[in-house]
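Here is the structure we will look at.
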Amino acid sequence: MIYRETGQFKTSYAADQAILRLREDRIGLLVILAIAYVVMPLVASEYWLSTIMLPFLIYALAALGLNILTGYAGQISLGTGGFMATGAFAAYKLATAFPGLDFVVVLVLAGLITAFVGILFGLPSLRIKGFYLAVATLAAQFFLLWLYNKIPWFTNYSASGVISAPTRTAFGIPVTGFEASVTTKYLFVLVVVTLLSLAAKNMTRLEVGRSWMAIRDMDIAAEIIGIRPLTAKLSAFAVSSFYCGIAGALWAFSYTGAVEALAFDIGVSFRVLFMIIIGGLGTILGNYLGAAFIVLLPIFLNNALLGLGMQEAVAMASHLEAMIMGALIVFFLIVEPHGLARLWQILKEKLRKWPFPY
Amino acid sequence: MEILDLVLLEPIRNILDAPLFFLEVLIGGLMSGVMYALVALGFVLIFKASGVFNFAQGSMVLFAALFFVGFMDAGLPMWLAFLLTLAVMVVLAYAVERMVLRPLVNQPAITLFMATIGITFFLDGLGQAIWGSDVRRLDVGIPEDPIIIADIFINQFDLYAAVICGTLVAALALFFQYTPTGRALRAVADDHQAAMSVGIPLSTVWTIVWIVAGIVGLVAGVMWGAKLGVQFNLSLIALKALPALILGGLTSVPGAIIGGLIIGAGEKVAEVFWGEVLGGAIEDWFAYVLAMVFLLIRPEGLFGEKIIERV
Amino acid sequence: MSTVEQRTAAVTRRREIGEVLLAVENIELRFGGVTALADVSFDVRRGEIRAIIGPNGAGKSSMLNVINGFYQPQGGTISWKGQRLRRMRPHFAAKNGIARTFQNIALFKGMTTLDNIMTGRILKMRASLLEQALYWGRARREELEHRAFVERIIDFLEIQHIRNTPVGKLPYGLQKRVELARALAMEPELLLLDEPMAGMNLEEKEDMVRFILDVNEEFGTTVILIEHDMSVVMDISDRVVVLDHGRLLADGTPDEVSRDPRVIEAYLGVVHD
């Protein structure tokens, strides 16, 4: 009797068009936001914020990006790591070339540069589909990483190849580098992720999102109602890469504090892909569930194996992690292609009918 | 202009200055291309019979190699190790058909593709969980010292690899041409519905084709392992069979072989003569970028079937 | 079929037939060595219901694909409102008010009924990506405006109850109706319907006939209709094109066509005995 749409009438399409139509959902979201913005910074230890919450949020953002491309527009990509690296290096070049630039501006520009690169590597999608495209995006992954690794201009001719991200400010507050506290970094990333999530929700439920899904579900019919495949696909690549680029920049500047190409190897591309499959293709909520799952799984396995007193627990944990992820991918593809997000929805529907199941 | 000269003309001049060296590089590249071709072959078999783009073929190579070297290290004779690994691959084929393909029948190709990425991770994890992740040396008794033919150094090992690959392809061709099972496989590849309607059971066919792909993977794994040592990297190197496939066309056995040779030779030549100018290690991406460019020009590959869209 | 006949006969035809809206001339379409259409010419006048009939493989669907630019014919011309086009393009067709439904329903299966119909309004939306990301300005205005329009179609086709259901889960008959709704959302001048009643039961057929007639009369929409059910074709269409093996066999009013000896021999004779 708690979760119910009965009695909540909508008297205008504007009200019916709201993102969360049910009062209970709105309250739920407010509670989650309150926990994220108020409780977490007060309660969570620095370890929690820096090794769990930050990668979780940034991965969720990258997953959001890939989900727009793969889950909504149906274009599979294995180049997420390459696009994240592009964002990281674009941000680094911008931040060092214009030290006074506000970090928010740096992020937006880095996102736009990555969007441009994404469009370039999205061009083959106009002629090829499915796994052909997947192989083409592998080209983006390997080529871009090689580029940032081997061309000294990108690392400002640093000898070691590993460079630390400098301190930069947003609205006068240091948000990256040594001068920023972990809590500040966390809150900054949280704000970015919140705003970009809202934007993604809006895009996916409006015209552009519908044109992406139309291309995904049946490209020929989409063309015949006047959707241009060129615009739809390339806009999906652009928006997706924009998100991945910002995620990569945050990864380097807010999380690891180091700008290095190898942090974005093909393993990252796969991990983000797994997040959206396990979390739910074509959902916004799924990105957070999938990211949380993939971030927490290795930590959980490590501790469990250590607790069992196993030797070489770290190596074994990583093998087990690969097996569990692989098995879960197959499981979700067979049983519930909409992933954890769909399971949550089913739970809500059950709750709506509770305590009368019929 | 100077840069253009350095990138475009200088390497050509180097090639013309040292034609013998170029030939050596080319042959070395072709030989590693044979290895890509071996992996690509497994892909083509599965794709033709089931329309599944098996991303896990590379992992099957690693998986087979890990078991083979594990059995060898346990002191088993080579033939027994080979047979036992073969048994493992048969079990794997059954498991994949039962637990992955059958529940996903009639799903979009892209779903099956993602499922095989899941299989990839599962196999990589399982293989290493059982056998560990150290690099293991594998000695199958093939001599590695170079021989000299007409002033050109050729690695003997590569020659053996080429011969084995050729034998395998010939054996497969005979299998498809002359055995009832082989003919059934070809029938299914041509038309699923028609094959089903004359009573060829799809699940059996799929199991067989995964077994055959497993055998091809085993041979590739043994060769790769003997050349580079058995290690996780094999799974990544085998990824390069993907661009080879794209080049050759997904449905063509000769295409897979020629695609592999082009990729192998192309990336070696590019690395040796262009690598330095461009910053080195261009082998990492050359194959993929070549395949991508090629896709734009001819999406169906060199020997693939043209895709016609209908409403 | 008698119920369908009674119902349709009761409808008084108020609409007026106007000038030529679309004309195809000497259309030649080949796939490799197979000729799908050979030297086909006919025209469609504003406001009329034009049926295309013919046995399986006669080239009916191919003709629709040529009209909305999905297939490029090797020869012949298409004129749209008097403007001669060497070739038609899907985007041009959509922009100029040619909408289409398919024989094997071509809906976006992962989207809800409402979203599917809303895609029909895409060409009328102007909001930029940024406005959409912010759900602000034009994006918000347009979304509400078009939602209101789409709701009218939903009411008209009586599909309110499935508004938020993913179309992949709908029964066949309702999917056909949603597809018609999506086409109507484009406010088409010319509506191409490829076997809109195939596979429907009697009640669903009656509904569909009623919808087609209503669309034609209330909005003045011109309709080209492929249909196998002869009684429906004879009842609701103004003129009929008969195709056989990719060739034009006959063209005229239902009466003329049904009396044509070649038609009777090739097609009707078999069906009506």
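Please note that chains go A, B, ... in the order of the structure tokens, that every chain numbers its residues from 1, and that ligands are numbered from 1 in the order shown.
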| task | May I have the residues of chain A within 7 Å of chain C, counting only C-alpha atoms, written as a PyMOL selection string? | result | chain A and resi 13-14+199-200+202-203+206-207+210-211+214+217-218+221+223-226
With N, CA and C atoms retained, export the selected residues as a PDB file, in the first residue's frame.
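New file selection.pdb:
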```
ATOM      1  N   TYR A  13      -0.505  17.453 -19.863  1.00  0.00           N
ATOM      2  CA  TYR A  13       0.563  16.640 -20.434  1.00  0.00           C
ATOM      3  C   TYR A  13       1.893  17.024 -19.823  1.00  0.00           C
ATOM      4  N   ALA A  14       2.026  18.301 -19.404  1.00  0.00           N
ATOM      5  CA  ALA A  14       3.278  18.732 -18.775  1.00  0.00           C
ATOM      6  C   ALA A  14       3.545  17.915 -17.525  1.00  0.00           C
ATOM      7  N   ALA A 199      20.730  15.555 -17.938  1.00  0.00           N
ATOM      8  CA  ALA A 199      20.740  15.881 -19.371  1.00  0.00           C
ATOM      9  C   ALA A 199      20.510  14.626 -20.202  1.00  0.00           C
ATOM     10  N   ALA A 200      21.138  13.506 -19.799  1.00  0.00           N
ATOM     11  CA  ALA A 200      20.987  12.260 -20.554  1.00  0.00           C
ATOM     12  C   ALA A 200      19.543  11.781 -20.480  1.00  0.00           C
ATOM     13  N   ASN A 202      16.928  13.609 -20.125  1.00  0.00           N
ATOM     14  CA  ASN A 202      16.124  14.466 -20.997  1.00  0.00           C
ATOM     15  C   ASN A 202      16.296  14.098 -22.466  1.00  0.00           C
ATOM     16  N   MET A 203      17.555  13.953 -22.880  1.00  0.00           N
ATOM     17  CA  MET A 203      17.790  13.645 -24.295  1.00  0.00           C
ATOM     18  C   MET A 203      17.130  12.336 -24.687  1.00  0.00           C
ATOM     19  N   LEU A 206      13.339  12.578 -25.208  1.00  0.00           N
ATOM     20  CA  LEU A 206      12.812  13.536 -26.174  1.00  0.00           C
ATOM     21  C   LEU A 206      13.130  13.088 -27.607  1.00  0.00           C
ATOM     22  N   GLU A 207      12.991  14.052 -28.513  1.00  0.00           N
ATOM     23  CA  GLU A 207      13.100  13.757 -29.937  1.00  0.00           C
ATOM     24  C   GLU A 207      14.385  13.014 -30.314  1.00  0.00           C
ATOM     25  N   ARG A 210      14.409   9.493 -29.148  1.00  0.00           N
ATOM     26  CA  ARG A 210      13.505   8.646 -29.931  1.00  0.00           C
ATOM     27  C   ARG A 210      14.112   8.320 -31.294  1.00  0.00           C
ATOM     28  N   SER A 211      14.845   9.280 -31.864  1.00  0.00           N
ATOM     29  CA  SER A 211      15.447   8.972 -33.170  1.00  0.00           C
ATOM     30  C   SER A 211      16.569   7.948 -32.993  1.00  0.00           C
ATOM     31  N   ALA A 214      14.838   4.627 -32.588  1.00  0.00           N
ATOM     32  CA  ALA A 214      14.232   4.213 -33.854  1.00  0.00           C
ATOM     33  C   ALA A 214      15.284   3.578 -34.759  1.00  0.00           C
ATOM     34  N   ASP A 217      16.050   0.121 -33.321  1.00  0.00           N
ATOM     35  CA  ASP A 217      15.040  -0.917 -33.456  1.00  0.00           C
ATOM     36  C   ASP A 217      14.788  -1.309 -34.902  1.00  0.00           C
ATOM     37  N   MET A 218      14.785  -0.348 -35.799  1.00  0.00           N
ATOM     38  CA  MET A 218      14.546  -0.683 -37.206  1.00  0.00           C
ATOM     39  C   MET A 218      14.975   0.489 -38.077  1.00  0.00           C
ATOM     40  N   ALA A 221      12.750   1.525 -41.234  1.00  0.00           N
ATOM     41  CA  ALA A 221      11.507   2.236 -40.924  1.00  0.00           C
ATOM     42  C   ALA A 221      11.815   3.649 -40.446  1.00  0.00           C
ATOM     43  N   GLU A 223      14.203   5.570 -41.388  1.00  0.00           N
ATOM     44  CA  GLU A 223      14.501   6.391 -42.547  1.00  0.00           C
ATOM     45  C   GLU A 223      13.218   6.815 -43.248  1.00  0.00           C
ATOM     46  N   ILE A 224      12.259   5.914 -43.272  1.00  0.00           N
ATOM     47  CA  ILE A 224      11.045   6.190 -44.026  1.00  0.00           C
ATOM     48  C   ILE A 224      10.124   7.172 -43.314  1.00  0.00           C
ATOM     49  N   ILE A 225      10.263   7.325 -41.970  1.00  0.00           N
ATOM     50  CA  ILE A 225       9.483   8.393 -41.340  1.00  0.00           C
ATOM     51  C   ILE A 225      10.292   9.690 -41.276  1.00  0.00           C
ATOM     52  N   GLY A 226      11.441   9.706 -41.952  1.00  0.00           N
ATOM     53  CA  GLY A 226      12.149  10.976 -42.113  1.00  0.00           C
ATOM     54  C   GLY A 226      13.325  11.179 -41.192  1.00  0.00           C
TER      55      GLY A 226
END
```
| task | Find the spatial neighbours of Ile215 (chain B), counting only C-alpha atoms, within a cut-off of 9 Å - ignore same-chain residues fewer than 6 positions away - and output them as a list in words. | result |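 Answer for this query is Gly42, Ala64, Leu86, Met89 and Val90 of chain B.
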Convert the current residue selection to file output with C-alpha atoms, as a compact mmCIF listing (two decimals), in the first residue's frame.
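Saved result, part02.txt, follows:
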```
# COMPACT_ATOMS: atom_id res chain seq x y z
CA GLY B 42 37.89 -20.94 -36.40
CA ALA B 64 43.44 -24.86 -25.29
CA LEU B 86 40.82 -32.25 -27.35
CA MET B 89 37.43 -28.64 -26.13
CA VAL B 90 34.65 -31.11 -26.92
```
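For region 109-201 of chain B, the set of residues given strand (DSSP E or B) by DSSP on the backbone reads B:Arg136, B:Pro146, B:Ile147, B:Ile148, B:Ile149, B:Ile152, B:Phe153, B:Ile154, B:Asn155.
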| remark: The residue from A:Lys185, A:His338, A:Lys201, A:Lys233 with the smallest atom-to-atom distance to chain B, counting only C-alpha atoms, is A:His338
| task | Please identify every residue of chain B that has at least one atom no more than 8 Å from any atom of chain A, counting only C-alpha atoms, and report them as a PyMOL selection string. | result | chain B and resi 53+100+103-104+109-111+113-126+128-129+242-243+246+279-282+284-286+288-289+291-292+295-296+299+311
| request: Using DSSP on the backbone coordinates, identify all residues within region 220-330 of chain A classified as alpha helix (DSSP H); present the result as a ChimeraX atom specification. | output: /A:220-224,229-250,266-279,285-307,313-330
| message | At a cut-off of 8 Å, using only C-alpha atoms, what residues contact Asp43 (chain C)? Leave out same-chain residues fewer than 5 positions from it and give the result as a PyMOL selection string. | response | chain C and resi 20-24
